>>> print(open('upload_37.cif').read())   # mmCIF, C-alpha atoms
data_run
#
loop_
_atom_site.label_atom_id
_atom_site.label_comp_id
_atom_site.auth_asym_id
_atom_site.auth_seq_id
_atom_site.Cartn_x
_atom_site.Cartn_y
_atom_site.Cartn_z
CA GLN A 7 16.76 4.98 5.04
CA LEU A 8 13.04 5.49 4.81
CA GLN A 9 10.43 6.24 7.42
CA LEU A 10 6.83 5.61 6.46
CA VAL A 11 3.70 6.98 8.11
CA GLU A 12 0.21 5.94 7.02
CA SER A 13 -2.96 7.94 7.46
CA GLY A 14 -6.50 8.06 6.16
CA GLY A 15 -8.01 5.00 7.74
CA GLY A 16 -11.36 5.02 9.47
CA LEU A 17 -14.80 3.49 9.90
CA VAL A 18 -16.98 3.45 6.79
CA GLN A 19 -20.00 1.61 5.47
CA ALA A 20 -19.98 -0.96 2.73
CA GLY A 21 -19.85 0.71 -0.66
CA ASP A 22 -17.99 3.78 0.62
CA SER A 23 -14.54 4.97 -0.40
CA LEU A 24 -11.37 5.88 1.47
CA ARG A 25 -7.97 7.14 0.40
CA LEU A 26 -4.96 6.09 2.38
CA THR A 27 -1.79 8.13 2.32
CA CYS A 28 1.75 6.97 3.03
CA ALA A 29 4.06 9.86 3.80
CA ALA A 30 7.73 9.02 3.43
CA SER A 31 10.90 10.68 4.56
CA GLY A 32 14.21 10.11 2.91
CA ARG A 33 16.16 11.69 0.08
CA THR A 34 15.87 8.68 -2.21
CA PHE A 35 12.08 8.39 -2.16
CA SER A 36 11.74 8.55 -5.94
CA THR A 37 14.00 5.54 -6.46
CA TYR A 38 11.88 3.19 -4.37
CA ALA A 39 9.00 0.97 -5.29
CA PHE A 40 6.20 0.84 -2.72
CA GLY A 41 3.55 -1.58 -1.67
CA TRP A 42 0.41 -1.72 0.42
CA PHE A 43 -0.34 -4.74 2.57
CA ARG A 44 -3.12 -5.48 5.03
CA GLN A 45 -3.68 -7.70 8.01
CA ALA A 46 -7.08 -8.69 9.31
CA PRO A 47 -7.57 -10.03 12.86
CA GLY A 48 -6.38 -13.61 13.12
CA LYS A 49 -5.02 -13.63 9.58
CA GLU A 50 -1.62 -13.30 8.01
CA ARG A 51 -0.48 -10.08 6.42
CA GLU A 52 -1.34 -10.07 2.73
CA PHE A 53 -0.39 -8.14 -0.36
CA VAL A 54 -2.81 -5.51 -1.66
CA ALA A 55 -1.05 -3.40 -4.29
CA ALA A 56 2.37 -2.20 -5.38
CA LEU A 57 3.94 0.16 -7.87
CA ASN A 58 7.40 0.80 -9.24
CA TRP A 59 9.52 3.93 -8.84
CA SER A 60 7.76 5.84 -11.62
CA GLY A 61 4.25 4.64 -10.83
CA ARG A 62 3.81 3.38 -14.39
CA VAL A 63 3.94 -0.28 -13.37
CA THR A 64 1.33 -1.42 -10.88
CA TYR A 65 0.30 -4.72 -9.34
CA TYR A 66 -2.88 -5.66 -7.51
CA ALA A 67 -4.23 -8.56 -5.54
CA ASN A 68 -7.14 -10.20 -7.31
CA SER A 69 -9.42 -9.37 -4.41
CA VAL A 70 -9.00 -5.61 -4.92
CA LYS A 71 -8.43 -5.36 -8.66
CA GLY A 72 -10.86 -2.88 -10.20
CA ARG A 73 -11.73 -1.35 -6.82
CA PHE A 74 -8.40 -0.09 -5.47
CA THR A 75 -5.86 2.17 -7.17
CA ILE A 76 -2.29 2.73 -6.04
CA SER A 77 -0.46 5.89 -7.07
CA ARG A 78 2.42 8.10 -6.00
CA ASP A 79 3.53 11.70 -6.04
CA ASN A 80 7.31 11.87 -5.98
CA ASN A 81 7.29 15.63 -5.42
CA LYS A 82 5.25 15.18 -2.25
CA LYS A 83 7.03 11.95 -1.24
CA ALA A 84 3.67 10.26 -0.87
CA VAL A 85 2.04 7.03 -1.94
CA TYR A 86 -1.72 6.66 -2.07
CA LEU A 87 -4.22 3.86 -2.03
CA GLN A 88 -7.64 4.87 -3.31
CA MET A 89 -10.16 2.29 -2.13
CA ASN A 90 -13.62 2.26 -3.70
CA THR A 91 -16.63 0.06 -3.15
CA LEU A 92 -15.28 -1.09 0.18
CA GLN A 93 -16.61 -4.33 1.59
CA PRO A 94 -16.57 -5.76 5.15
CA GLU A 95 -13.87 -8.21 4.08
CA ASP A 96 -11.58 -5.24 3.41
CA THR A 97 -11.49 -4.57 7.15
CA ALA A 98 -7.86 -4.72 8.27
CA VAL A 99 -4.86 -2.74 9.35
CA TYR A 100 -3.26 -1.37 6.18
CA TYR A 101 0.50 -1.02 5.98
CA CYS A 102 2.71 0.89 3.58
CA ALA A 103 6.01 -0.75 2.76
CA ALA A 104 9.11 -0.25 0.66
CA PRO A 105 11.53 -2.94 -0.51
CA THR A 106 14.93 -3.23 1.07
CA ALA A 107 16.59 -3.15 -2.35
CA TYR A 108 14.69 -0.21 -3.89
CA GLY A 109 12.87 -2.11 -6.61
CA ILE A 110 10.45 -4.95 -7.06
CA GLY A 111 10.09 -7.46 -9.84
CA ALA A 112 7.22 -9.18 -11.50
CA ASP A 113 7.92 -12.23 -9.34
CA THR A 114 8.61 -10.45 -6.05
CA PHE A 115 6.12 -7.61 -5.77
CA ASP A 116 3.85 -9.53 -3.42
CA LYS A 117 6.53 -11.12 -1.22
CA LEU A 118 6.55 -9.75 2.33
CA ASN A 119 10.20 -10.59 2.84
CA GLU A 120 11.19 -8.30 -0.05
CA TYR A 121 10.02 -5.30 1.94
CA GLY A 122 12.32 -4.00 4.63
CA TYR A 123 10.62 -0.69 5.46
CA TRP A 124 7.20 -0.63 7.07
CA GLY A 125 4.88 1.96 8.50
CA GLN A 126 2.93 1.56 11.72
CA GLY A 127 -0.34 0.85 9.92
CA THR A 128 -3.75 2.49 9.75
CA GLN A 129 -7.02 0.78 10.65
CA VAL A 130 -9.76 0.46 8.06
CA THR A 131 -13.11 -0.86 9.27
CA VAL A 132 -15.99 -1.47 6.88
CA SER A 133 -19.41 -2.10 8.38
CA SER A 134 -22.13 -3.95 6.53
#
>>> encode(input="upload_37.cif", output="structure tokens")
Amino acid sequence: QLQLVESGGGLVQAGDSLRLTCAASGRTFSTYAFGWFRQAPGKEREFVAALNWSGRVTYYANSVKGRFTISRDNNKKAVYLQMNTLQPEDTAVYYCAAPTAYGIGADTFDKLNEYGYWGQGTQVTVSS
């Protein structure tokens, strides 16, 4: 079982940076892949980034590639999302998630239904 708690959201201006943190509890943290998703008002939840258990394999949505970086620290049981050059369209609630079956594949990393563990979300608002 995993419990996930996100933090680090806030109100920033376009061009600013934020780092989100997902703190996880559970003895098997290091065996899980993790993902970040976001949901803007009136829109469906969408994939942002994901990484495998070691952090050596990462995936990004095209809309954030080159601006966002996902990473993890297995010793601290934490997953991070560094967000640079934020834009108003990045405004959303950001969720940390872990797959029900530990891992993710190259064809499943962005599928919401692969993820069975979710945090409560943290709000990111980018003003223009």
>>> closest_residue(input="upload_37.cif", among="A:Thr37, A:Ser133, A:Thr106, A:Thr64", to="Asn80 in chain A", atoms="all atoms listed in the file")
A:Thr37
>>> closest_residue(input="upload_37.cif", among="A:Ile110, A:Cys28, A:Ala104, A:Ala55", to="Ala84 in chain A", atoms="only C-alpha atoms")
A:Cys28
>>> resolve_selection(input="upload_37.cif", expression="the PyMOL selection byres ((chain A and resi 29-31) around 6)", output="JSON, numbers by chain")
{"A": [8, 9, 10, 11, 28, 32, 83, 84]}
>>> closest_residue(input="upload_37.cif", among="A:Asp22, A:Glu52, A:Glu12, A:Asp113", to="Met89 in chain A", atoms="all atoms listed in the file")
A:Asp22
>>> resolve_selection(input="upload_37.cif", expression="the PyMOL selection byres ((chain A and resi 99) around 8)", output="count of residues only")
11
>>> closest_residue(input="upload_37.cif", among="A:Thr114, A:Gln7, A:Thr34, A:Asn90", to="Ile76 in chain A", atoms="only C-alpha atoms")
A:Asn90
>>> build_atoms(input="upload_37.cif", residues="range 71-82 of chain A", atoms="all heavy atoms", output="short mmCIF file (atom, residue, chain, number, x, y, z; two decimals), in the frame of the given file")
data_model
loop_
_atom_site.label_atom_id
_atom_site.label_comp_id
_atom_site.auth_asym_id
_atom_site.auth_seq_id
_atom_site.Cartn_x
_atom_site.Cartn_y
_atom_site.Cartn_z
N LYS A 71 -8.57 -5.84 -7.29
CA LYS A 71 -8.43 -5.36 -8.66
C LYS A 71 -9.74 -4.77 -9.15
O LYS A 71 -10.81 -5.37 -9.00
CB LYS A 71 -7.98 -6.50 -9.55
CG LYS A 71 -7.33 -6.09 -10.86
CD LYS A 71 -6.74 -7.29 -11.56
CE LYS A 71 -5.58 -7.89 -10.81
NZ LYS A 71 -4.94 -9.01 -11.54
N GLY A 72 -9.67 -3.57 -9.71
CA GLY A 72 -10.86 -2.88 -10.20
C GLY A 72 -11.53 -2.00 -9.16
O GLY A 72 -12.38 -1.18 -9.50
N ARG A 73 -11.15 -2.18 -7.89
CA ARG A 73 -11.73 -1.35 -6.82
C ARG A 73 -10.70 -0.42 -6.18
O ARG A 73 -11.04 0.69 -5.78
CB ARG A 73 -12.33 -2.24 -5.73
CG ARG A 73 -13.44 -3.14 -6.18
CD ARG A 73 -14.10 -3.82 -4.99
NE ARG A 73 -13.18 -4.68 -4.25
CZ ARG A 73 -12.93 -4.57 -2.94
NH1 ARG A 73 -13.54 -3.64 -2.23
NH2 ARG A 73 -12.08 -5.40 -2.35
N PHE A 74 -9.46 -0.87 -6.10
CA PHE A 74 -8.40 -0.09 -5.47
C PHE A 74 -7.43 0.42 -6.53
O PHE A 74 -7.20 -0.24 -7.54
CB PHE A 74 -7.61 -0.95 -4.49
CG PHE A 74 -8.36 -1.34 -3.24
CD1 PHE A 74 -9.71 -1.16 -3.10
CD2 PHE A 74 -7.67 -1.92 -2.17
CE1 PHE A 74 -10.39 -1.54 -1.95
CE2 PHE A 74 -8.32 -2.30 -1.01
CZ PHE A 74 -9.68 -2.12 -0.91
N THR A 75 -6.86 1.60 -6.27
CA THR A 75 -5.86 2.17 -7.17
C THR A 75 -4.70 2.69 -6.35
O THR A 75 -4.89 3.49 -5.42
CB THR A 75 -6.45 3.31 -8.00
OG1 THR A 75 -7.58 2.84 -8.75
CG2 THR A 75 -5.41 3.87 -8.96
N ILE A 76 -3.50 2.25 -6.70
CA ILE A 76 -2.29 2.73 -6.04
C ILE A 76 -1.64 3.79 -6.93
O ILE A 76 -1.64 3.67 -8.16
CB ILE A 76 -1.31 1.58 -5.75
CG1 ILE A 76 -0.14 2.05 -4.89
CG2 ILE A 76 -0.83 0.92 -7.03
CD1 ILE A 76 0.76 0.92 -4.39
N SER A 77 -1.12 4.83 -6.31
CA SER A 77 -0.46 5.89 -7.07
C SER A 77 0.59 6.54 -6.18
O SER A 77 0.66 6.26 -4.98
CB SER A 77 -1.48 6.93 -7.55
OG SER A 77 -2.13 7.55 -6.44
N ARG A 78 1.38 7.42 -6.76
CA ARG A 78 2.42 8.10 -6.00
C ARG A 78 2.61 9.50 -6.53
O ARG A 78 2.33 9.80 -7.69
CB ARG A 78 3.72 7.31 -6.05
CG ARG A 78 4.36 7.26 -7.43
CD ARG A 78 5.54 6.27 -7.45
NE ARG A 78 6.63 6.72 -6.58
CZ ARG A 78 7.56 5.92 -6.10
NH1 ARG A 78 7.55 4.62 -6.39
NH2 ARG A 78 8.54 6.40 -5.35
N ASP A 79 3.14 10.35 -5.67
CA ASP A 79 3.53 11.70 -6.04
C ASP A 79 4.96 11.88 -5.52
O ASP A 79 5.17 12.09 -4.33
CB ASP A 79 2.58 12.72 -5.41
CG ASP A 79 2.85 14.14 -5.88
OD1 ASP A 79 4.02 14.44 -6.21
OD2 ASP A 79 1.92 14.95 -5.90
N ASN A 80 5.91 11.79 -6.40
CA ASN A 80 7.31 11.87 -5.98
C ASN A 80 7.68 13.24 -5.45
O ASN A 80 8.58 13.37 -4.62
CB ASN A 80 8.23 11.46 -7.12
CG ASN A 80 8.21 9.95 -7.36
OD1 ASN A 80 7.75 9.18 -6.53
ND2 ASN A 80 8.70 9.54 -8.52
N ASN A 81 7.00 14.28 -5.92
CA ASN A 81 7.29 15.63 -5.42
C ASN A 81 6.86 15.77 -3.96
O ASN A 81 7.49 16.48 -3.18
CB ASN A 81 6.59 16.68 -6.27
CG ASN A 81 7.21 16.79 -7.64
OD1 ASN A 81 8.42 16.61 -7.81
ND2 ASN A 81 6.40 17.06 -8.65
N LYS A 82 5.76 15.11 -3.62
CA LYS A 82 5.25 15.18 -2.25
C LYS A 82 5.77 14.03 -1.39
O LYS A 82 5.45 13.96 -0.20
CB LYS A 82 3.72 15.16 -2.27
CG LYS A 82 3.10 16.38 -2.91
CD LYS A 82 1.58 16.33 -2.84
CE LYS A 82 0.97 17.58 -3.44
NZ LYS A 82 -0.51 17.54 -3.39
#
